[in-house]
Amino acid sequence: MKILFTLIACLMVCGVSFAQKFYKITGKIIDEKAVAVPFSIVKILNYPDTTLVKSVSTDIDGAFVIDQLQKGDYVLSISMVGFKIKKTAKISLTADLTLPAISIESLVKQLNEVSVQGKRPFIEHQIDKTVLNVENSIVSTGGTALEILEKAPGVQIDRQNDQILLNNKAGVMVMVDGKNNFLSRADLTTYLNTLSSTQIATIEIITNPSAKYDAAGNAGIIDIKLKRNKAFGTNGSVSSTYRNAIKANLPTNIYGSEFNLNLNNRNKKWNFYSNANASKNNNFSTMLLERTTNANGLQSAFNQNFNKLYNGSRLAGKLGADYYASEKTTIGVMLDGGSSTRKLDNFSQTFINETQAGVTNNNSLIQYSDANTPNKNYSANFNVKHEFKKDGASLNFDADYSGFNYSGLENFSTNFFDKSSVIYNNTMIKNDSKTDINIYAVKTDFTWPVSKTVKLETGLKSSYVKTDNNFLSSAFLNNEWQNIVGQSNNFIYKENVNAAYGNLSKDFGKWQIQTGLRAELTQSTGESVTNNTQVKQHYLSLFPTIFVSQKISENSSLRYSYGRRIDRPNYQQLNPFNFYLDPYTIQQGNPYLKPQFTSNFEVSYNYKSGLSFSLGYSKTKDLILDSKTAQNDSTRIVTVGQGNIGSGEYYTANLYFPLTITKWWSMQNNFSLFYNTFNDDNLEGAPFVLSKVAYNFNVSSSIVLGSNWSLETNFWLNSPKVRGLEKTIIYQYALNSGVQKSFFKKSLKVRLNVDDIFATNYWKGTLEYQNVNLKVQNNYISRRASFNISYNFGNQNVKSARDRKTATDDLKNRAN
């Protein structure tokens, strides 16, 4: 710890020595009716040669700030789609300057019947992140958060393993309003499938976070920002969505529905906000699996098919208040909770072709299973934010508690048939599980601008987690339920992480540098009460980061970045007992899993804040694989488990270029190229190496029509790829389209959207290594039509509730 603060102090001293005298210009852009013009581009140009100095975008209120300007003469150039370009008179800058409101003239009369709206594109690339502007997107309407992410550049949804990949890498930290979710991968995808687009404003994708963020998430961070309200008064919004699958021979109840209500009230001292959401989301999938075994002269070929019907419902609510104790101090509390139920009905058939000594025999089994898994979650946050007199200086404090209760009851009934299709055996098994998770965390963040060009950020955090998982597996034998020894277990996991970080940034004009260091001390104990065994870990990890931005010319810049990340196993992966899936398939936890560490390098080129090209390299040591599958040829049982392999290396190239076809038609285009390689010197007793080149691209198009009509389309494609032992052997792609009509000055919006129009989004792959030879095809419902209606009421200029991060950011997607 002393080393950390000594380093920060040295960096501060060095940064201060470079301090110069800089000034800033603030102002606001309005139209002819004195209405703010958000998201317009404000450029400051040298006078008289009009070379570009800097370019910024106005916020939702039309305001802008241009800082770090030297003394001199300038002019401003303001541009916005649907408005005439405007240049100001000469501005002589000798001190900080606040300009009167600048009015720009609309082009609406020149565009006849075509109405051009100044809105952000669905996909927006910024210097440190990619932003999906979901709130005004038509193709996202009626969809879920998971389906929106599937349309995001660089993001891939692995529905086979319930994983979210970023730049072809697993280990993504998923956050909601800066808070992580205490969910396993399966539960996270379920939650994202119940989180409607009507609740989402933007989604931020950060591939290389700074040291201020928790170090978890080797692939980066996805932060889902929920809608906020925006002067004093009351406002709100209400929306409803209905969606249904479009595919033949499906169960009749494959539909989803959702109702969402937001309310906000603000006066001089208080801001109250609340949200209520009710949703239902049903789904259906089929999976085909083929594999072979060979032992003691017996060759077996397994052909299995699974039909799974999911019924899910969720009720959720949030209530919060901010008290403005003074102009500089705000105190806030926030409570939220939710209750969901997921029911699963599964019908599977397994056909086994056996050959021994030239004699062939066929037998089969049919399994019926059902599962009911009610979940509850609740959390509380207390926050204090104080802004000092020094501009940009602030202190934040958060204290959090989160609780999660999961329970589940699974029933399995299996009939075994001989070659004459006569039942010769029946087994009945049930699994009863209960999980309780309690999480406590506190953190503080301090920001101090040392000078006009130097800023220091530091912070401390401590978290404690306890998860208690009790799993009871029973078989119906001799007319009674009996405990299955070796499959029942009580597992308790405790973890304490203490962290400190420091960030120092410095602006040298054409160069900007930010360096940071985060230290995390982890202590954990995994205890199997049933087996009376413990696994303890204690380790200190350092996570340096550095970002360098270089301005090459008035229109182009380069950005270099490096960061080190960690992924700790989630709580369910560490649970050592077996999960019964069917008589020949078992899933197994691993209490000896080690955390994986990743080093990320990236260089990116940006031109005119539009076109960008980046190259990246990352290496993960002790890579955690969920598809580390082993097969016992004698028993013919496949065990699906988690384990560490030597390393994974990822090379990436990404090109993004927007196109403006006409004043009413724009496109966003993204192409990514990957080369991944995985290796281990001794995996299951033999060396392992697997690599492949893969690519994906994403094209979005937005057309603004007359009479408040607009149209959007989106197309994405993922090529075959590899991930550890697993190979995807087909192209996955989808075309999505939607149309919108606005009424009553755009307060009422009606949207119709169809996802995966040609039903091309499914998964097919193989897993081949030593004696394991698996072929899998997974078909899920991807083609759906959605109808959404939303209405905004009240004063829509009410300032938003504060968007703050809580103390439990690095924990929530590790719980089960």
# chains A, B, ... in the order shown; residues from 1 in each chain; ligands from 1
>>> closest_atom_pairs(of="stretch 419-476 of chain A", to="stretch 378-400 of chain A", cutoff="12 Å", atoms="only C-alpha atoms", output="JSON lines")
{"residue": "A:Asp436", "atom": "CA", "partner": "A:Tyr378", "partner_atom": "CA", "distance": 11.9}
{"residue": "A:Ile437", "atom": "CA", "partner": "A:Tyr378", "partner_atom": "CA", "distance": 10.7}
{"residue": "A:Asn438", "atom": "CA", "partner": "A:Ser379", "partner_atom": "CA", "distance": 9.9}
{"residue": "A:Ile439", "atom": "CA", "partner": "A:Asp400", "partner_atom": "CA", "distance": 8.0}
{"residue": "A:Tyr440", "atom": "CA", "partner": "A:Asp400", "partner_atom": "CA", "distance": 5.8}
{"residue": "A:Ala441", "atom": "CA", "partner": "A:Asp400", "partner_atom": "CA", "distance": 5.2}
{"residue": "A:Val442", "atom": "CA", "partner": "A:Ala399", "partner_atom": "CA", "distance": 4.4}
{"residue": "A:Lys443", "atom": "CA", "partner": "A:Asp398", "partner_atom": "CA", "distance": 5.4}
{"residue": "A:Thr444", "atom": "CA", "partner": "A:Phe397", "partner_atom": "CA", "distance": 4.4}
{"residue": "A:Asp445", "atom": "CA", "partner": "A:Asn396", "partner_atom": "CA", "distance": 5.1}
{"residue": "A:Phe446", "atom": "CA", "partner": "A:Leu395", "partner_atom": "CA", "distance": 4.6}
{"residue": "A:Thr447", "atom": "CA", "partner": "A:Ser394", "partner_atom": "CA", "distance": 5.2}
{"residue": "A:Trp448", "atom": "CA", "partner": "A:Ala393", "partner_atom": "CA", "distance": 4.5}
{"residue": "A:Pro449", "atom": "CA", "partner": "A:Ala393", "partner_atom": "CA", "distance": 6.1}
{"residue": "A:Val450", "atom": "CA", "partner": "A:Ala393", "partner_atom": "CA", "distance": 9.1}
{"residue": "A:Ser451", "atom": "CA", "partner": "A:Lys390", "partner_atom": "CA", "distance": 10.0}
{"residue": "A:Lys452", "atom": "CA", "partner": "A:Asp391", "partner_atom": "CA", "distance": 9.7}
{"residue": "A:Thr453", "atom": "CA", "partner": "A:Gly392", "partner_atom": "CA", "distance": 11.8}
{"residue": "A:Val454", "atom": "CA", "partner": "A:Gly392", "partner_atom": "CA", "distance": 11.2}
{"residue": "A:Lys455", "atom": "CA", "partner": "A:Gly392", "partner_atom": "CA", "distance": 8.9}
{"residue": "A:Leu456", "atom": "CA", "partner": "A:Ala393", "partner_atom": "CA", "distance": 9.3}
{"residue": "A:Glu457", "atom": "CA", "partner": "A:Ala393", "partner_atom": "CA", "distance": 9.5}
{"residue": "A:Thr458", "atom": "CA", "partner": "A:Leu395", "partner_atom": "CA", "distance": 9.8}
{"residue": "A:Gly459", "atom": "CA", "partner": "A:Asn396", "partner_atom": "CA", "distance": 9.1}
{"residue": "A:Leu460", "atom": "CA", "partner": "A:Phe397", "partner_atom": "CA", "distance": 9.7}
{"residue": "A:Lys461", "atom": "CA", "partner": "A:Asp398", "partner_atom": "CA", "distance": 9.4}
{"residue": "A:Ser462", "atom": "CA", "partner": "A:Ala399", "partner_atom": "CA", "distance": 9.9}
{"residue": "A:Ser463", "atom": "CA", "partner": "A:Asp400", "partner_atom": "CA", "distance": 9.3}
{"residue": "A:Tyr464", "atom": "CA", "partner": "A:Asp400", "partner_atom": "CA", "distance": 10.6}
{"residue": "A:Val465", "atom": "CA", "partner": "A:Asp400", "partner_atom": "CA", "distance": 11.8}
>>> residues_around(residues="A:Asn283", least_positions_apart="3", cutoff="12 Å", atoms="only C-alpha atoms", output="short mmCIF file (atom, residue, chain, number, x, y, z; two decimals) with N, CA and C atoms, in the first residue's frame")
data_model
loop_
_atom_site.label_atom_id
_atom_site.label_comp_id
_atom_site.auth_asym_id
_atom_site.auth_seq_id
_atom_site.Cartn_x
_atom_site.Cartn_y
_atom_site.Cartn_z
N THR A 190 -30.83 -15.10 -18.37
CA THR A 190 -32.27 -15.09 -18.09
C THR A 190 -32.72 -13.68 -17.72
N ASN A 193 -32.79 -11.41 -20.62
CA ASN A 193 -33.93 -11.74 -21.47
C ASN A 193 -35.25 -11.22 -20.92
N THR A 194 -35.25 -10.79 -19.64
CA THR A 194 -36.45 -10.18 -19.07
C THR A 194 -36.33 -8.67 -18.97
N ARG A 243 -44.81 -9.42 -27.64
CA ARG A 243 -43.95 -10.04 -28.65
C ARG A 243 -44.30 -11.51 -28.78
N ASN A 244 -44.14 -12.03 -29.98
CA ASN A 244 -44.46 -13.44 -30.20
C ASN A 244 -43.52 -14.02 -31.25
N ALA A 245 -43.32 -15.33 -31.16
CA ALA A 245 -42.46 -16.02 -32.11
C ALA A 245 -43.18 -16.22 -33.43
N ILE A 246 -42.38 -16.24 -34.51
CA ILE A 246 -42.93 -16.50 -35.84
C ILE A 246 -42.22 -17.74 -36.38
N LEU A 250 -44.61 -24.77 -33.17
CA LEU A 250 -44.15 -24.36 -31.85
C LEU A 250 -45.27 -24.51 -30.83
N PRO A 251 -44.95 -24.62 -29.54
CA PRO A 251 -45.99 -24.54 -28.53
C PRO A 251 -46.76 -23.23 -28.65
N THR A 252 -47.99 -23.22 -28.20
CA THR A 252 -48.86 -22.07 -28.43
C THR A 252 -48.55 -20.87 -27.56
N ASN A 253 -47.80 -21.04 -26.48
CA ASN A 253 -47.61 -19.94 -25.54
C ASN A 253 -46.21 -19.34 -25.60
N ILE A 254 -45.61 -19.30 -26.79
CA ILE A 254 -44.27 -18.71 -26.92
C ILE A 254 -44.44 -17.21 -27.18
N TYR A 255 -44.68 -16.48 -26.13
CA TYR A 255 -44.88 -15.04 -26.26
C TYR A 255 -44.22 -14.35 -25.07
N GLY A 256 -44.11 -13.06 -25.19
CA GLY A 256 -43.59 -12.24 -24.09
C GLY A 256 -44.40 -10.97 -23.97
N LYS A 280 -43.16 -10.96 -18.66
CA LYS A 280 -43.30 -12.41 -18.86
C LYS A 280 -42.58 -12.74 -20.16
N THR A 286 -34.65 -26.42 -29.09
CA THR A 286 -34.39 -27.83 -29.36
C THR A 286 -32.89 -28.01 -29.53
N ASN A 307 -36.02 -31.13 -26.08
CA ASN A 307 -37.01 -30.08 -26.33
C ASN A 307 -37.30 -29.39 -25.01
N LYS A 308 -36.96 -28.12 -24.94
CA LYS A 308 -37.08 -27.39 -23.67
C LYS A 308 -38.04 -26.22 -23.83
N LEU A 309 -39.02 -26.16 -22.94
CA LEU A 309 -39.99 -25.07 -22.91
C LEU A 309 -39.79 -24.27 -21.63
N TYR A 310 -39.48 -22.98 -21.78
CA TYR A 310 -39.23 -22.10 -20.65
C TYR A 310 -40.41 -21.16 -20.45
N ASN A 311 -40.82 -20.98 -19.20
CA ASN A 311 -41.82 -19.99 -18.84
C ASN A 311 -41.25 -19.14 -17.71
N GLY A 312 -41.04 -17.85 -18.00
CA GLY A 312 -40.43 -16.97 -17.00
C GLY A 312 -41.27 -15.74 -16.75
N SER A 313 -41.31 -15.29 -15.51
CA SER A 313 -42.00 -14.05 -15.16
C SER A 313 -41.19 -13.32 -14.10
N ARG A 342 -38.85 -19.08 -12.84
CA ARG A 342 -38.54 -19.71 -14.12
C ARG A 342 -38.94 -21.18 -14.06
N LYS A 343 -39.81 -21.57 -14.95
CA LYS A 343 -40.25 -22.96 -15.03
C LYS A 343 -39.74 -23.58 -16.33
N LEU A 344 -39.28 -24.82 -16.21
CA LEU A 344 -38.72 -25.51 -17.36
C LEU A 344 -39.37 -26.88 -17.48
N ASP A 345 -39.87 -27.18 -18.69
CA ASP A 345 -40.34 -28.52 -19.01
C ASP A 345 -39.46 -29.06 -20.13
N ASN A 779 -31.11 -25.01 -31.56
CA ASN A 779 -32.05 -24.11 -32.22
C ASN A 779 -32.92 -23.44 -31.16
N TYR A 780 -32.91 -22.14 -31.14
CA TYR A 780 -33.72 -21.39 -30.18
C TYR A 780 -34.58 -20.39 -30.94
N ILE A 781 -35.58 -19.87 -30.26
CA ILE A 781 -36.51 -18.96 -30.90
C ILE A 781 -35.84 -17.60 -31.07
N SER A 782 -35.55 -17.25 -32.31
CA SER A 782 -34.89 -15.98 -32.58
C SER A 782 -35.73 -15.05 -33.44
N ARG A 783 -36.68 -15.62 -34.20
CA ARG A 783 -37.54 -14.76 -35.03
C ARG A 783 -38.81 -14.43 -34.25
N ARG A 784 -38.91 -13.15 -33.89
CA ARG A 784 -40.05 -12.68 -33.11
C ARG A 784 -40.51 -11.33 -33.66
#
>>> residues_around(residues="stretch 51-60 of chain A", least_positions_apart="6", cutoff="6 Å", atoms="only C-alpha atoms", output="ChimeraX atom specification")
/A:38-45,554
>>> closest_atom_pairs(of="stretch 568-628 of chain A", to="stretch 412-429 of chain A", cutoff="9 Å", atoms="only C-alpha atoms", output="Markdown table")
| residue | atom | partner | partner_atom | distance |
| --- | --- | --- | --- | --- |
| A:Tyr580 | CA | A:Ile429 | CA | 8.7 |
| A:Leu581 | CA | A:Phe412 | CA | 8.6 |
| A:Asp582 | CA | A:Phe412 | CA | 8.0 |
| A:Pro583 | CA | A:Thr414 | CA | 8.3 |
>>> write_last_selection(atoms="all heavy atoms", output="short mmCIF file (atom, residue, chain, number, x, y, z; two decimals), in the first residue's frame")
data_model
loop_
_atom_site.label_atom_id
_atom_site.label_comp_id
_atom_site.auth_asym_id
_atom_site.auth_seq_id
_atom_site.Cartn_x
_atom_site.Cartn_y
_atom_site.Cartn_z
N TYR A 580 -26.91 -33.68 -11.73
CA TYR A 580 -27.45 -34.69 -12.63
C TYR A 580 -28.21 -34.01 -13.76
O TYR A 580 -29.10 -33.20 -13.54
CB TYR A 580 -28.38 -35.61 -11.83
CG TYR A 580 -29.11 -36.65 -12.66
CD1 TYR A 580 -28.54 -37.91 -12.86
CD2 TYR A 580 -30.35 -36.38 -13.22
CE1 TYR A 580 -29.21 -38.88 -13.61
CE2 TYR A 580 -31.02 -37.34 -13.96
CZ TYR A 580 -30.45 -38.59 -14.15
OH TYR A 580 -31.12 -39.52 -14.89
N LEU A 581 -27.86 -34.34 -15.01
CA LEU A 581 -28.57 -33.82 -16.18
C LEU A 581 -29.38 -34.91 -16.87
O LEU A 581 -30.52 -34.70 -17.25
CB LEU A 581 -27.58 -33.19 -17.16
CG LEU A 581 -26.75 -32.02 -16.60
CD1 LEU A 581 -25.77 -31.51 -17.65
CD2 LEU A 581 -27.65 -30.90 -16.12
N ASP A 582 -28.75 -36.08 -17.07
CA ASP A 582 -29.45 -37.28 -17.52
C ASP A 582 -28.56 -38.47 -17.16
O ASP A 582 -27.46 -38.28 -16.64
CB ASP A 582 -29.79 -37.20 -19.02
CG ASP A 582 -28.59 -37.24 -19.94
OD1 ASP A 582 -27.64 -38.01 -19.67
OD2 ASP A 582 -28.58 -36.51 -20.94
N PRO A 583 -29.02 -39.71 -17.38
CA PRO A 583 -28.21 -40.86 -16.92
C PRO A 583 -26.80 -40.92 -17.47
O PRO A 583 -25.94 -41.61 -16.91
CB PRO A 583 -29.05 -42.06 -17.40
CG PRO A 583 -30.45 -41.56 -17.45
CD PRO A 583 -30.33 -40.13 -17.89
#
>>> residues_around(residues="A:Thr635", least_positions_apart="3", cutoff="10 Å", atoms="only C-alpha atoms", output="count of residues only")
6
>>> atom_distance(atom1="atom CA of A:Gln482", atom2="atom CA of A:Asp432")
12.6 Å
>>> decode(residues="stretch 483-495 of chain A", atoms="C-alpha atoms", output="PDB file, in the first residue's frame")
ATOM      1  CA  ASN A 483     -30.289 -39.557  -0.517  1.00  0.00           C
ATOM      2  CA  ILE A 484     -27.752 -40.120  -3.336  1.00  0.00           C
ATOM      3  CA  VAL A 485     -24.352 -40.229  -1.674  1.00  0.00           C
ATOM      4  CA  GLY A 486     -21.760 -38.213  -3.570  1.00  0.00           C
ATOM      5  CA  GLN A 487     -24.287 -35.935  -5.248  1.00  0.00           C
ATOM      6  CA  SER A 488     -25.699 -34.096  -2.210  1.00  0.00           C
ATOM      7  CA  ASN A 489     -23.620 -31.417  -0.590  1.00  0.00           C
ATOM      8  CA  ASN A 490     -23.647 -28.270   1.529  1.00  0.00           C
ATOM      9  CA  PHE A 491     -21.086 -25.778   0.214  1.00  0.00           C
ATOM     10  CA  ILE A 492     -20.198 -22.489   1.949  1.00  0.00           C
ATOM     11  CA  TYR A 493     -17.994 -19.885   0.301  1.00  0.00           C
ATOM     12  CA  LYS A 494     -16.594 -16.754   1.964  1.00  0.00           C
ATOM     13  CA  GLU A 495     -14.583 -14.043   0.250  1.00  0.00           C
TER      14      GLU A 495
END
